[in-house]
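To start, the structure under review is shown below, and the notes come after it.
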Amino acid sequence: MTNKFKYFIGNWKMFGNLASLNSIKQVHNFCLKFKKYTSKSKIIYCVPYTLIYFFSQKLKSKFISFGAQNCHFVETFGPYTGSVSASMLKKVGAKYVIIGHSENRFEGDTNKLIKQKIESALKQNLNVIFCVGETLKEKNKGKTFKVIKNQIKSSLSKKYNFNKIILAYEPVWAIGTGKIPKIQTVKKTIIFIKNQFQKILKVKKTPVVLYGGSVNNSNIRMFSSISEIDGFLIGGASQSSKKFIDIIKNYYK
Ligand code: 13P
């Protein structure tokens, strides 16, 4: 049920500029110093489109990879003002792309559109970080499992290369709020996602499933007690190298 590596993925959202490379360099230096942590971890920064090329050129790190936070459903080029495709991301050094984040679902990304985006990203050989999770309203109505099952069913297909897909459980109401679900609920939901993935897609492989939503350097201790969680998708706290490093350190404490 558990996977080999633990993932620490920073989602910077709409933050960062060229100077922010310093923050990632500090994390790189930490990785150099503390190999006992990094040999068991994968560290990925999903940064704004504007920073991917610069960061991936300036920091050649065997510990840290870069990714984007979304992509267009058309794989290569087209008349889509303001959009960026999976092939464009690939060419500037992105190895990962977040798809289906609730902040993008709010802006109109439907399960069907998310499926098209996942297909484009996979065709470009990008690793997909596919986000699922319920809103507060859905949680209060007891619909969490139903919502997640539907998200998996409508956006993934049996024909995909599952070695390139990571899932992230992000309860929408836990994002940026400082609120987190009860730890037993997280455990139950992560196990549910793993089981549903295998059942719906008829695969034996246990997927990598992350947790995201208000993860910080103190609550990480609680999450580390759940071996089924394969890592974390970290928003706010990933913008500070100190907080990000403390999350990794405290995870393994
Ligand atoms: P926060 O860690 O800021 O709650 O954000 C979580 C998130 O949305 C990661 O994708």
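Letters A, B, ... mark the chains of the structure tokens in the order given; residue numbers begin at 1 per chain; ligand numbers begin at 1, in order shown.
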Within 6 Å of ligand 1, counting only C-alpha atoms and all ligand atoms: which residues, as a compact mmCIF listing (two decimals) with all heavy atoms, in the first residue's frame?
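out.txt, freshly written:
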```
# COMPACT_ATOMS: atom_id res chain seq x y z
N ASN A 11 3.69 23.93 -4.45
CA ASN A 11 2.85 24.60 -5.46
C ASN A 11 2.88 26.09 -5.11
O ASN A 11 2.23 26.51 -4.16
CB ASN A 11 1.41 24.04 -5.39
CG ASN A 11 0.47 24.82 -6.30
OD1 ASN A 11 0.89 25.66 -7.09
ND2 ASN A 11 -0.82 24.54 -6.18
N ILE A 175 -7.65 24.09 1.92
CA ILE A 175 -6.62 24.81 1.18
C ILE A 175 -6.53 26.27 1.65
O ILE A 175 -7.51 27.00 1.58
CB ILE A 175 -6.89 24.74 -0.34
CG1 ILE A 175 -6.78 23.28 -0.81
CG2 ILE A 175 -5.96 25.66 -1.12
CD1 ILE A 175 -7.13 23.06 -2.26
N GLY A 176 -5.38 26.62 2.17
CA GLY A 176 -5.13 28.00 2.58
C GLY A 176 -5.95 28.46 3.77
O GLY A 176 -6.04 29.66 4.04
N GLY A 212 -2.78 17.28 0.34
CA GLY A 212 -2.50 18.72 0.27
C GLY A 212 -3.60 19.51 0.95
O GLY A 212 -4.79 19.13 0.90
N GLY A 213 -3.23 20.63 1.58
CA GLY A 213 -4.19 21.49 2.27
C GLY A 213 -3.66 21.86 3.63
O GLY A 213 -3.68 21.05 4.56
N SER A 214 -3.13 23.09 3.73
CA SER A 214 -2.65 23.64 5.00
C SER A 214 -1.57 22.80 5.69
O SER A 214 -1.49 22.77 6.92
CB SER A 214 -3.82 23.89 5.97
OG SER A 214 -4.66 24.90 5.46
N VAL A 215 -0.75 22.13 4.90
CA VAL A 215 0.37 21.38 5.50
C VAL A 215 1.41 22.38 6.00
O VAL A 215 1.77 23.32 5.29
CB VAL A 215 1.02 20.44 4.45
CG1 VAL A 215 2.29 19.80 5.01
CG2 VAL A 215 0.04 19.36 4.01
N LEU A 233 1.44 17.94 -1.12
CA LEU A 233 1.39 19.05 -2.07
C LEU A 233 1.21 20.30 -1.20
O LEU A 233 0.18 20.45 -0.54
CB LEU A 233 0.23 18.84 -3.05
CG LEU A 233 0.08 19.80 -4.22
CD1 LEU A 233 1.38 19.92 -5.01
CD2 LEU A 233 -1.03 19.32 -5.17
N ILE A 234 2.25 21.12 -1.20
CA ILE A 234 2.32 22.18 -0.20
C ILE A 234 2.23 23.55 -0.88
O ILE A 234 3.03 23.86 -1.77
CB ILE A 234 3.66 22.05 0.58
CG1 ILE A 234 3.77 20.64 1.18
CG2 ILE A 234 3.76 23.12 1.67
CD1 ILE A 234 5.19 20.21 1.47
N GLY A 235 1.27 24.34 -0.46
CA GLY A 235 1.08 25.67 -1.05
C GLY A 235 1.90 26.71 -0.30
O GLY A 235 3.12 26.77 -0.42
N GLY A 236 1.22 27.51 0.50
CA GLY A 236 1.83 28.63 1.21
C GLY A 236 3.20 28.34 1.82
O GLY A 236 4.16 29.08 1.61
```
For range 149-156 of chain A, find every residue with an atom within 6 Å (counting only C-alpha atoms), except residues of its own chain fewer than 2 positions away, and show them as an mmCIF file with C-alpha atoms, in the first residue's frame.
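Contents of selection-v7.cif, freshly written:
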```
data_model
loop_
_atom_site.group_PDB
_atom_site.id
_atom_site.type_symbol
_atom_site.label_atom_id
_atom_site.label_comp_id
_atom_site.auth_asym_id
_atom_site.auth_seq_id
_atom_site.Cartn_x
_atom_site.Cartn_y
_atom_site.Cartn_z
ATOM 1 C CA ASN A 111 -13.683 16.732 -15.209
ATOM 2 C CA LYS A 115 -9.121 14.544 -18.821
ATOM 3 C CA PHE A 145 -16.218 9.539 -1.512
ATOM 4 C CA LYS A 146 -18.831 9.971 -4.217
ATOM 5 C CA VAL A 147 -17.187 13.173 -5.490
#
```
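Of the residues listed (A:Ile99, A:Val203, A:Val47, A:Val132), A:Val203 shows the shortest atom-to-atom separation from Phe162 in chain A; distances use only C-alpha atoms.
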Would you list, as a PyMOL selection string, the residues of range 8-226 of chain A that end up in strand (DSSP E) under DSSP run on this structure's backbone?
chain A and resi 8-11+41-46+64-68+96-99+127-132+165-169+208-212
Counting only C-alpha atoms, the residue of A:Pro79, A:Pro48, A:Gly231, A:Gly100 that sits nearest Phe66 in chain A:
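Counting only C-alpha atoms, the residue closest to Phe66 in chain A is A:Pro48.
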Find the residue from A:Ile64, A:Ile193, A:Lys199, A:Trp12 that sits nearest to Phe30 in chain A; use only C-alpha atoms when measuring.
A:Ile64
What are the DSSP alpha helix (DSSP H) residues of range 4-217 of chain A, as a VMD selection string?
chain A and resid 21 to 33 35 to 38 49 to 58 86 to 91 102 to 106 111 to 123 136 to 140 144 to 155 183 to 201
List the neighbours of Gln57 in chain A out to 9 Å using only C-alpha atoms; skip same-chain residues closer than 3 positions along the sequence, and give me the result as a CSV table (one decimal) with N, CA, C and O atoms, in the first residue's frame.
```csv
chain,number,residue,atom,x,y,z
A,52,ILE,N,9.8,28.7,-15.0
A,52,ILE,CA,10.3,27.3,-15.2
A,52,ILE,C,11.6,27.3,-15.9
A,52,ILE,O,12.5,26.6,-15.5
A,53,TYR,N,11.7,28.0,-17.0
A,53,TYR,CA,12.9,27.9,-17.8
A,53,TYR,C,14.1,28.4,-17.1
A,53,TYR,O,15.2,27.8,-17.0
A,54,PHE,N,13.9,29.6,-16.5
A,54,PHE,CA,15.0,30.2,-15.7
A,54,PHE,C,15.5,29.3,-14.6
A,54,PHE,O,16.7,29.0,-14.5
A,60,LYS,N,20.7,23.1,-11.8
A,60,LYS,CA,20.8,21.7,-12.2
A,60,LYS,C,21.0,20.8,-10.9
A,60,LYS,O,22.1,20.7,-10.5
A,92,VAL,N,10.6,23.8,-22.0
A,92,VAL,CA,11.3,24.8,-21.1
A,92,VAL,C,11.8,24.1,-19.8
A,92,VAL,O,12.3,24.7,-18.9
A,93,GLY,N,11.7,22.8,-19.7
A,93,GLY,CA,12.3,22.1,-18.6
A,93,GLY,C,11.4,21.5,-17.5
A,93,GLY,O,11.8,21.0,-16.5
```
Rounded to one decimal, what separation in Å do you get between CA of Ser227 in chain A and CA of Asn3 in chain A?
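Pair CA of Ser227 in chain A / CA of Asn3 in chain A returns 9.0 Å.
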If we count only C-alpha atoms, what is near Asn125 in chain A at a cut-off of 12 Å, once residues fewer than 2 positions away on the same chain are taken out, given as a count of residues only?
25
Grab the CA of Asp230 in chain A to CA of Lys6 in chain A distance for me, in Å with one decimal place.
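The value is 5.1 Å.
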Excluding same-chain residues fewer than 6 positions from Ser225 in chain A, what lies within 10 Å of it counting only C-alpha atoms, as a list in words?
Ile183, Lys187 and Tyr251 of chain A
So which one's closest to Ala168 in chain A, A:Val27, A:Leu210, A:Leu126, A:Val186? Using only C-alpha atoms, please.
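So, comparing all the options, the nearest one is A:Leu210.
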